[in-house]
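What follows is a set of notes on a single structure, which appears directly below.
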Amino acid sequence: MEDLNASAVRELPVEEAGVSLADFAYGRILDRMLSGELKPGQVLQERRLAEVLGISRTPVREALGRLEAEQLVSRRQGRMLVVAELSVESYVSLLDMRRILEVEVSGRATGRITPETLLKVEAAIIALRDAAEVSTSEHWDVDDLVHNTIAEAAGNPMIVAAIRDLRRRTHLFNTARISHRRKPGAEEHLALIRAVAGDDPERSRDLMGAHLDHVRDAIIDYILGRRT
């Protein structure tokens with residue numbers, strides 16, 4: 001894996017951020033997985049990760065253990081840890097869990113989005129939709145903004161945490177593989193956030209369900225070779 005330079009590591013001083021070294025390691029490793037720098041099947045060497053992050057091996061070991069428990073990394077030949085590659089069945093199951101939670105959350109959040117928040121989210125979606133080129137991280141930043149804004153508006157922190165966890169796992173599917181979904185997805189996001197800012201919970205639920213169904217179908221089509 002390529003190096004992180006010293007200044008990059010110093011961007012988040014662990015002591016000032018108020019997080020443990022294990023949490024710091026977890027976040028940095030996960031970020032690199034989500035960005036595609038660490039690819040499915042790539043070996044994760046505890047010693048090398050510790051060197052790159054500038055910390056000891058113990059918190060890295062704890063972070064890798066957490067990622068393994070979340071099935072984001074797996075063991076090859078019972079020993080080597082590698083970045084996991086989700087099967088079609090696993091991915092569809094994760095999206096099904098997201099659908100169950102996020103459809104209901106959309107209804108509960110309806111009417112609880114402020115005009116200021118709506119304008120902020122709309123602007124981010126439109127900028128993403130109209131950009132000539134978009135990186136994976138830029139896509140996920142806007143996607144997170146939409147879905148997390150809705151989840152948080154519903155007012156249940158435990159559901160917010162569950163949705164964030166499920167979304168982390170589905171993020172491992174590189175959006176470059178379904179790049180044709182960027183503009184249709186942006187239009188769906190616009191309709192969704194506007195509905196949640198309105199007063200019709202059933203419309204919000206319907207739009208969220210349809211959006212997640214479209215994401216699921218695009219991914220299955222790609223994996224099964226129906227669209228390249």
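Ordering of the structure tokens sets the chain letters (A, B, ...); residue numbers start at 1 within each chain; ligands are numbered from 1 in the order shown.
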
Hey, what's within 12 Å of Ala162 (chain A) if we count only C-alpha atoms and toss same-chain stuff fewer than 6 positions away? As a PyMOL selection string, please?
chain A and resi 94+97-98+100-102+105+148+151-152+156+168-169

List the neighbours of region 184-198 of chain A out to 10 Å using only C-alpha atoms; skip same-chain residues closer than 2 positions along the sequence, and give me the result as a VMD selection string.
chain A and resid 105 to 115 117 to 119 121 to 130 139 142 to 143 146 to 147 149 to 150 153 179 to 182 200 to 208 210 to 212 214 to 215

Please identify all polymer residues within 7 Å of Gln42 (chain A), counting only C-alpha atoms, omitting same-chain residues fewer than 2 positions from it, and present them as a PDB file with C-alpha atoms, in the first residue's frame.
ATOM      1  CA  LEU A  38      -7.348  -0.288  -0.461  1.00  0.00           C
ATOM      2  CA  LYS A  39      -9.090  -2.564  -2.931  1.00  0.00           C
ATOM      3  CA  PRO A  40     -11.061  -5.805  -2.423  1.00  0.00           C
ATOM      4  CA  LEU A  44      -3.719  -5.704   5.129  1.00  0.00           C
ATOM      5  CA  VAL A  82      -7.664  -8.870   3.194  1.00  0.00           C
ATOM      6  CA  VAL A  83     -10.206  -6.233   2.210  1.00  0.00           C
TER       7      VAL A  83
END

Got a sec: who's within 12 Å of Arg61 (chain A), counting only C-alpha atoms, leaving out chain neighbours fewer than 6 positions off, as a compact mmCIF listing (two decimals) with C-alpha atoms, in the first residue's frame?
# COMPACT_ATOMS: atom_id res chain seq x y z
CA LEU A 21 -5.82 5.28 18.85
CA ALA A 22 -7.88 2.25 17.85
CA ASP A 23 -10.73 4.51 16.66
CA ALA A 25 -6.75 3.61 13.06
CA TYR A 26 -10.21 2.26 12.27
CA ILE A 29 -8.18 2.35 7.31
CA LEU A 44 -3.72 -5.70 5.13
CA GLN A 45 -0.39 -5.93 6.93
CA GLU A 46 -0.63 -4.91 10.56
CA ARG A 47 3.00 -3.80 10.79
CA ARG A 48 2.86 -1.78 7.58
CA LEU A 49 -0.39 -0.05 8.55
CA ALA A 50 1.09 0.89 11.92
CA ILE A 55 1.15 4.46 15.76
CA LEU A 67 -13.38 -4.37 10.65
CA GLU A 68 -13.32 -8.16 10.59
CA LEU A 81 -6.44 -10.32 6.48

Tell me, which residues of region 36-204 of chain A carry DSSP strand (DSSP E or B), written as a ChimeraX atom specification?
/A:43,73-76,80-83

Keeping only N, CA, C and O atoms, write the selected residues to a file as an mmCIF file, in the first residue's frame.
data_model
loop_
_atom_site.group_PDB
_atom_site.id
_atom_site.type_symbol
_atom_site.label_atom_id
_atom_site.label_comp_id
_atom_site.auth_asym_id
_atom_site.auth_seq_id
_atom_site.Cartn_x
_atom_site.Cartn_y
_atom_site.Cartn_z
ATOM 1 N N VAL A 43 -4.138 -7.362 0.630
ATOM 2 C CA VAL A 43 -3.686 -7.820 1.936
ATOM 3 C C VAL A 43 -3.460 -6.621 2.856
ATOM 4 O O VAL A 43 -2.912 -5.587 2.449
ATOM 5 N N VAL A 73 -13.407 -6.784 6.381
ATOM 6 C CA VAL A 73 -12.189 -7.497 6.001
ATOM 7 C C VAL A 73 -12.404 -8.973 6.330
ATOM 8 O O VAL A 73 -13.249 -9.318 7.160
ATOM 9 N N SER A 74 -11.668 -9.819 5.651
ATOM 10 C CA SER A 74 -11.818 -11.261 5.875
ATOM 11 C C SER A 74 -10.442 -11.923 5.873
ATOM 12 O O SER A 74 -9.437 -11.292 5.507
ATOM 13 N N ARG A 75 -10.411 -13.186 6.285
ATOM 14 C CA ARG A 75 -9.137 -13.914 6.344
ATOM 15 C C ARG A 75 -8.992 -14.833 5.147
ATOM 16 O O ARG A 75 -9.905 -15.568 4.797
ATOM 17 N N ARG A 76 -7.828 -14.768 4.532
ATOM 18 C CA ARG A 76 -7.507 -15.638 3.414
ATOM 19 C C ARG A 76 -6.664 -16.786 3.940
ATOM 20 O O ARG A 76 -5.697 -16.569 4.655
ATOM 21 N N MET A 80 -4.202 -14.547 6.633
ATOM 22 C CA MET A 80 -3.993 -13.192 6.140
ATOM 23 C C MET A 80 -5.301 -12.416 6.081
ATOM 24 O O MET A 80 -6.302 -12.919 5.570
ATOM 25 N N LEU A 81 -5.273 -11.190 6.582
ATOM 26 C CA LEU A 81 -6.438 -10.322 6.481
ATOM 27 C C LEU A 81 -6.414 -9.580 5.150
ATOM 28 O O LEU A 81 -5.379 -9.011 4.759
ATOM 29 N N VAL A 82 -7.545 -9.583 4.464
ATOM 30 C CA VAL A 82 -7.664 -8.870 3.194
ATOM 31 C C VAL A 82 -8.942 -8.049 3.201
ATOM 32 O O VAL A 82 -9.881 -8.330 3.960
ATOM 33 N N VAL A 83 -8.982 -7.016 2.375
ATOM 34 C CA VAL A 83 -10.206 -6.233 2.210
ATOM 35 C C VAL A 83 -11.272 -7.145 1.610
ATOM 36 O O VAL A 83 -11.038 -7.817 0.612
#
